[in-house]
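A.B. asks: Please find final-v1.txt (compact mmCIF, C-alpha atoms) on the next line:
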```
# COMPACT_ATOMS: atom_id res chain seq x y z
CA MET A 224 -107.15 -212.68 -46.73
CA LEU A 225 -103.63 -211.25 -46.80
CA PRO A 226 -101.90 -214.39 -45.36
CA ASP A 227 -103.33 -216.37 -48.28
CA VAL A 228 -101.41 -214.11 -50.66
CA TRP A 229 -98.32 -213.44 -48.52
CA PRO A 230 -98.06 -216.26 -45.95
CA THR A 231 -95.64 -214.59 -43.53
CA TYR A 232 -98.51 -212.29 -42.56
CA GLY A 233 -99.94 -215.31 -40.75
CA LEU A 234 -96.73 -215.98 -38.82
CA ARG A 235 -96.88 -215.44 -35.04
CA ILE A 236 -94.03 -215.89 -32.56
CA ARG A 237 -95.24 -215.68 -28.95
CA THR A 238 -92.99 -215.43 -25.91
CA GLY A 239 -93.98 -214.84 -22.30
CA ARG A 240 -94.76 -211.15 -22.80
CA LEU A 241 -94.33 -210.50 -26.50
CA CYS A 242 -95.77 -211.29 -29.90
CA LEU A 243 -93.56 -210.96 -32.98
CA ARG A 244 -95.43 -210.54 -36.27
CA LEU A 245 -95.79 -208.38 -39.35
CA PRO A 246 -97.68 -205.15 -38.60
CA ASP A 247 -100.72 -203.82 -40.41
CA LEU A 248 -100.55 -200.26 -41.78
CA ASP A 249 -101.71 -198.53 -38.60
CA GLU A 250 -99.32 -200.60 -36.49
CA LEU A 251 -96.49 -199.84 -38.91
CA ALA A 252 -97.21 -196.14 -38.54
CA ALA A 253 -97.08 -196.53 -34.75
CA LEU A 254 -93.75 -198.37 -35.05
CA ALA A 255 -92.37 -195.58 -37.23
CA GLU A 256 -93.49 -192.97 -34.73
CA LEU A 257 -91.82 -194.96 -31.96
CA ALA A 258 -88.53 -194.88 -33.85
CA GLY A 259 -89.01 -191.17 -34.42
CA ARG A 260 -89.12 -190.62 -30.66
CA GLY A 261 -85.71 -192.25 -30.29
CA VAL A 262 -83.91 -195.59 -30.30
CA HIS A 263 -80.73 -194.63 -28.42
CA GLY A 264 -79.08 -191.76 -26.61
CA PRO A 265 -78.07 -188.62 -28.54
CA ASP A 266 -74.34 -189.38 -28.22
CA GLU A 267 -74.60 -193.02 -29.31
CA ARG A 268 -74.23 -194.48 -32.82
CA PRO A 269 -74.92 -198.20 -32.40
CA PHE A 270 -75.83 -199.04 -36.01
CA LEU A 271 -73.53 -199.38 -38.99
CA THR A 272 -76.28 -198.03 -41.25
CA PRO A 273 -77.03 -194.64 -39.67
CA TRP A 274 -80.80 -194.91 -40.06
CA THR A 275 -81.46 -193.38 -36.64
CA GLU A 276 -79.78 -190.09 -37.48
CA GLY A 277 -81.66 -186.98 -38.57
CA THR A 278 -85.06 -185.71 -37.53
CA PRO A 279 -87.87 -187.77 -35.98
CA ALA A 280 -89.72 -187.58 -39.30
CA GLN A 281 -86.67 -188.90 -41.17
CA ARG A 282 -86.28 -191.82 -38.77
CA ALA A 283 -89.96 -192.67 -39.10
CA GLU A 284 -89.76 -192.56 -42.90
CA ARG A 285 -86.76 -194.91 -42.91
CA VAL A 286 -88.70 -197.46 -40.87
CA LEU A 287 -91.51 -197.38 -43.42
CA ARG A 288 -89.16 -197.62 -46.40
CA GLY A 289 -87.17 -200.43 -44.81
CA HIS A 290 -90.28 -202.47 -44.03
CA TRP A 291 -91.72 -202.12 -47.52
CA SER A 292 -88.32 -202.83 -49.09
CA GLN A 293 -88.03 -206.14 -47.23
CA LEU A 294 -91.43 -207.24 -48.49
CA HIS A 295 -90.77 -206.09 -52.05
CA GLU A 296 -87.31 -207.69 -52.39
CA TRP A 297 -88.12 -211.06 -50.77
CA GLN A 298 -86.80 -214.10 -52.62
CA PRO A 299 -86.54 -217.67 -51.26
CA ASP A 300 -82.75 -217.51 -51.69
CA ASP A 301 -82.35 -213.95 -50.33
CA TRP A 302 -84.82 -212.80 -47.69
CA SER A 303 -85.19 -210.56 -44.68
CA LEU A 304 -88.02 -211.14 -42.22
CA GLY A 305 -88.69 -207.90 -40.34
CA LEU A 306 -91.18 -208.37 -37.52
CA CYS A 307 -92.73 -205.85 -35.18
CA VAL A 308 -92.35 -206.59 -31.47
CA PHE A 309 -95.67 -206.15 -29.66
CA LEU A 310 -96.18 -205.80 -25.91
CA ASP A 311 -99.86 -205.73 -24.92
CA ASP A 312 -100.70 -205.15 -28.61
CA ARG A 313 -98.48 -202.04 -28.74
CA PRO A 314 -95.33 -201.84 -30.89
CA VAL A 315 -92.19 -201.55 -28.76
CA GLY A 316 -89.54 -202.30 -31.38
CA ALA A 317 -88.57 -204.52 -34.28
CA VAL A 318 -86.44 -207.58 -35.04
CA SER A 319 -85.03 -208.90 -38.28
CA LEU A 320 -83.95 -212.36 -39.41
CA ARG A 321 -81.98 -212.41 -42.67
CA ALA A 322 -80.41 -215.10 -44.84
CA ARG A 323 -79.02 -215.82 -48.28
CA ASP A 324 -79.18 -219.30 -49.77
CA PHE A 325 -80.68 -220.49 -46.49
CA GLY A 326 -81.86 -223.79 -47.99
CA VAL A 327 -78.18 -224.67 -48.55
CA VAL A 328 -76.06 -222.87 -45.92
CA ARG A 329 -78.63 -222.77 -43.07
CA GLU A 330 -77.17 -219.60 -41.57
CA VAL A 331 -79.12 -216.54 -40.42
CA THR A 332 -78.25 -213.06 -39.21
CA THR A 333 -80.26 -211.15 -36.62
CA SER A 334 -80.68 -207.50 -35.74
CA SER A 335 -83.10 -205.57 -33.56
CA TRP A 336 -84.04 -202.28 -31.95
CA LEU A 337 -86.36 -201.08 -29.19
CA GLY A 338 -87.81 -197.66 -28.52
CA VAL A 339 -85.88 -195.94 -25.73
CA GLU A 340 -88.86 -196.03 -23.38
CA HIS A 341 -88.96 -199.82 -23.59
CA GLN A 342 -85.29 -200.55 -22.98
CA GLY A 343 -83.83 -202.03 -19.81
CA ALA A 344 -86.72 -204.41 -19.07
CA GLY A 345 -85.37 -207.54 -20.77
CA LEU A 346 -87.61 -207.19 -23.82
CA GLY A 347 -84.68 -207.25 -26.23
CA THR A 348 -83.45 -210.58 -24.90
CA GLU A 349 -86.97 -212.03 -24.96
CA ALA A 350 -87.53 -210.91 -28.55
CA ARG A 351 -84.18 -212.38 -29.64
CA VAL A 352 -85.08 -215.72 -28.01
CA GLY A 353 -88.31 -215.75 -30.00
CA LEU A 354 -86.50 -215.03 -33.25
CA LEU A 355 -83.81 -217.65 -32.59
CA THR A 356 -86.44 -220.23 -31.69
CA LEU A 357 -87.95 -219.73 -35.13
CA ALA A 358 -84.54 -220.05 -36.77
CA PHE A 359 -83.13 -223.05 -34.91
CA ASP A 360 -86.14 -225.05 -33.76
CA HIS A 361 -88.51 -224.51 -36.68
CA LEU A 362 -86.43 -223.61 -39.76
CA GLY A 363 -83.42 -225.83 -39.08
CA ALA A 364 -80.69 -223.18 -38.93
CA ILE A 365 -77.24 -224.39 -37.91
CA ASP A 366 -75.74 -220.98 -37.16
CA ALA A 367 -76.90 -217.49 -36.22
CA THR A 368 -74.61 -214.50 -36.46
CA THR A 369 -74.78 -210.90 -35.39
CA GLU A 370 -72.44 -207.92 -35.57
CA VAL A 371 -72.14 -205.33 -32.83
CA PHE A 372 -69.79 -202.48 -32.00
CA PRO A 373 -67.41 -203.28 -29.11
CA ASP A 374 -68.81 -200.40 -27.00
CA ASN A 375 -72.47 -201.42 -27.43
CA ARG A 376 -72.61 -203.07 -24.02
CA SER A 377 -76.34 -203.84 -24.01
CA SER A 378 -76.31 -205.72 -27.33
CA GLN A 379 -73.04 -207.43 -26.44
CA GLY A 380 -74.60 -208.55 -23.16
CA VAL A 381 -77.72 -209.99 -24.80
CA SER A 382 -75.67 -211.93 -27.35
CA ARG A 383 -73.26 -213.42 -24.85
CA LYS A 384 -76.07 -214.27 -22.43
CA LEU A 385 -77.67 -216.36 -25.18
CA GLY A 386 -74.45 -218.26 -25.92
CA TYR A 387 -72.89 -216.38 -28.84
CA LEU A 388 -69.11 -216.69 -29.12
CA PRO A 389 -66.56 -214.39 -30.80
CA ASP A 390 -66.19 -215.07 -34.52
CA GLY A 391 -63.72 -212.41 -35.62
CA ILE A 392 -64.35 -208.83 -36.65
CA SER A 393 -65.86 -206.96 -39.56
CA ARG A 394 -64.41 -203.72 -40.91
CA ASP A 395 -66.79 -201.47 -42.83
CA ALA A 396 -66.86 -197.94 -44.18
CA ARG A 397 -69.40 -195.41 -42.95
CA GLY A 398 -68.75 -192.40 -45.11
CA LYS A 399 -65.00 -191.76 -44.73
CA GLU A 400 -64.84 -193.50 -41.35
CA ALA A 401 -63.68 -197.12 -40.97
CA LEU A 402 -65.68 -198.93 -38.29
CA VAL A 403 -64.82 -202.24 -36.62
CA SER A 404 -67.57 -204.53 -35.33
CA ASP A 405 -67.35 -207.70 -33.30
CA ARG A 406 -68.80 -210.63 -35.22
CA LEU A 407 -70.53 -213.13 -32.91
CA ARG A 408 -71.81 -216.62 -33.74
CA LEU A 409 -74.30 -218.94 -32.05
CA THR A 410 -74.37 -222.55 -33.22
CA ALA A 411 -77.37 -224.83 -33.08
CA ALA A 412 -75.42 -227.10 -30.71
CA ARG A 413 -74.81 -224.28 -28.22
CA TRP A 414 -78.44 -223.16 -28.54
CA ALA A 415 -79.60 -226.69 -27.68
CA GLU A 416 -77.33 -226.86 -24.61
CA HIS A 417 -79.27 -224.17 -22.77
CA GLU A 418 -82.83 -224.00 -21.55
CA HIS A 419 -84.96 -221.19 -22.96
CA PRO A 420 -88.35 -219.72 -22.03
CA GLU A 421 -91.28 -221.28 -23.81
CA VAL A 422 -91.94 -219.89 -27.27
CA THR A 423 -94.78 -220.83 -29.61
CA VAL A 424 -94.63 -220.39 -33.38
CA GLU A 425 -97.86 -220.30 -35.39
CA GLY A 426 -98.49 -220.10 -39.11
CA LEU A 427 -95.11 -221.34 -40.32
CA ASP A 428 -96.32 -224.32 -42.32
CA ALA A 429 -98.06 -222.09 -44.86
CA ALA A 430 -94.98 -219.84 -45.12
CA ARG A 431 -92.20 -222.43 -45.05
CA ALA A 432 -91.60 -222.44 -48.80
CA MET A 433 -90.88 -218.71 -48.65
CA PHE A 434 -87.79 -219.48 -46.53
CA LEU A 435 -86.59 -222.69 -48.16
CA GLY A 436 -87.66 -222.37 -51.79
```
Output the file's structure in the form of structure tokens.

C.D. replies:
Amino acid sequence: MLPDVWPTYGLRIRTGRLCLRLPDLDELAALAELAGRGVHGPDERPFLTPWTEGTPAQRAERVLRGHWSQLHEWQPDDWSLGLCVFLDDRPVGAVSLRARDFGVVREVTTSSWLGVEHQGAGLGTEARVGLLTLAFDHLGAIDATTEVFPDNRSSQGVSRKLGYLPDGISRDARGKEALVSDRLRLTAARWAEHEHPEVTVEGLDAARAMFLG
């Protein structure tokens, strides 16, 4: 079976309403189509990498390429875990947990998106809690960071609600435009100070070496 060859395919993160896991090919196609229908309003540009620009077909193709690239480039000292967010067995978005030299520095970075029709119902917060539970409570992370534009109020709100604190800014180039992002950090100590909804993680033991080397 596939998890015997690539153990993260057996990983399951379950929250109250959601399941976070790697998609099969049909589910990946559904996720790509979801992105093609839209991830944000037409006048918004919430991502540093402008993967949501262009036609629906171009957005869908980028989701496919990004997913396959993460699997292909995985190394124990440089990995990106991209999971599909399922609600009632239907893809509603995706989350990503990334790290370099995690076995030494124990720091992760998160990112996420939801299809526009699934926004505003608290699913983004719930999915982030599931991802952070994996990082802090099961992998032993000591810090989680994220970067968000100052005017992205929804993402800013989710991060601050979960205990992230300001950690400076990042300045990056997008084409000929210089963009400033707020860098936010959540420590393991602050994570432990707050109660969180119950989350179960299955299948990690078989995959643990993929994260720690």

A.B. asks: Any idea what the distance is between CA of Cys307 in chain A and CA of Val331 in chain A?

C.D. replies: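 Pair CA of Cys307 in chain A / CA of Val331 in chain A returns 18.1 Å.
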
A.B. asks: Would you give me, as a Markdown table, each residue of range 340-394 of chain A having an atom within 12 Å of an atom of range 239-259 of chain A, along with its shortest atom pair and that distance in Å to one decimal, using only C-alpha atoms and sorting by chain and residue number?

C.D. replies:
```
| residue | atom | partner | partner_atom | distance |
| --- | --- | --- | --- | --- |
| A:Glu340 | CA | A:Leu257 | CA | 9.1 |
| A:His341 | CA | A:Leu257 | CA | 10.1 |
| A:Ala344 | CA | A:Arg240 | CA | 11.1 |
| A:Gly345 | CA | A:Arg240 | CA | 10.3 |
| A:Leu346 | CA | A:Leu241 | CA | 8.0 |
| A:Gly347 | CA | A:Leu241 | CA | 10.2 |
| A:Thr348 | CA | A:Leu241 | CA | 11.0 |
| A:Glu349 | CA | A:Leu241 | CA | 7.7 |
| A:Ala350 | CA | A:Leu241 | CA | 7.1 |
| A:Arg351 | CA | A:Leu243 | CA | 10.1 |
| A:Val352 | CA | A:Gly239 | CA | 10.6 |
| A:Gly353 | CA | A:Leu243 | CA | 7.7 |
| A:Leu354 | CA | A:Leu243 | CA | 8.2 |
| A:Leu355 | CA | A:Leu243 | CA | 11.8 |
| A:Thr356 | CA | A:Leu243 | CA | 11.8 |
| A:Leu357 | CA | A:Leu243 | CA | 10.6 |
```

A.B. asks: Residues within 12 Å of range 376-378 of chain A, please, as a PyMOL selection string. Count all atoms listed in the file; anything in the same chain fewer than 5 positions from it doesn't count.

C.D. replies: chain A and resi 263+267+269-270+333-337+342-348+351+369-371+383-385+387+404-407

A.B. asks: Would you pick out the contacts of Thr410 in chain A at 7 Å or less, using all atoms listed in the file, so that residues sharing its chain but fewer than 3 positions from it are not included, and give the list as a PyMOL selection string?

C.D. replies: chain A and resi 365-367+413-414

A.B. asks: Can you spit out the residues from that selection as a CSV table (one decimal), in the coordinates of the input, using C-alpha atoms?

C.D. replies:
```csv
chain,number,residue,atom,x,y,z
A,365,ILE,CA,-77.2,-224.4,-37.9
A,366,ASP,CA,-75.7,-221.0,-37.2
A,367,ALA,CA,-76.9,-217.5,-36.2
A,413,ARG,CA,-74.8,-224.3,-28.2
A,414,TRP,CA,-78.4,-223.2,-28.5
```

A.B. asks: Calculated over all atoms listed in the file, which of the candidates A:Gly436, A:Gly305, A:Gly426, A:Gly391 has the smallest distance to Arg323 in chain A?

C.D. replies: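 The closest residue to Arg323 in chain A is A:Gly436.
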
A.B. asks: Just the number, please: distance in Å from CA of Pro389 in chain A to CA of Val308 in chain A, one decimal.

C.D. replies: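 Separation between CA of Pro389 in chain A and CA of Val308 in chain A: 27.0 Å.
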
A.B. asks: So how far away is CA of Pro299 in chain A from CA of Gly363 in chain A, in Å?

C.D. replies: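 Separation between CA of Gly363 in chain A and CA of Pro299 in chain A: 15.0 Å.
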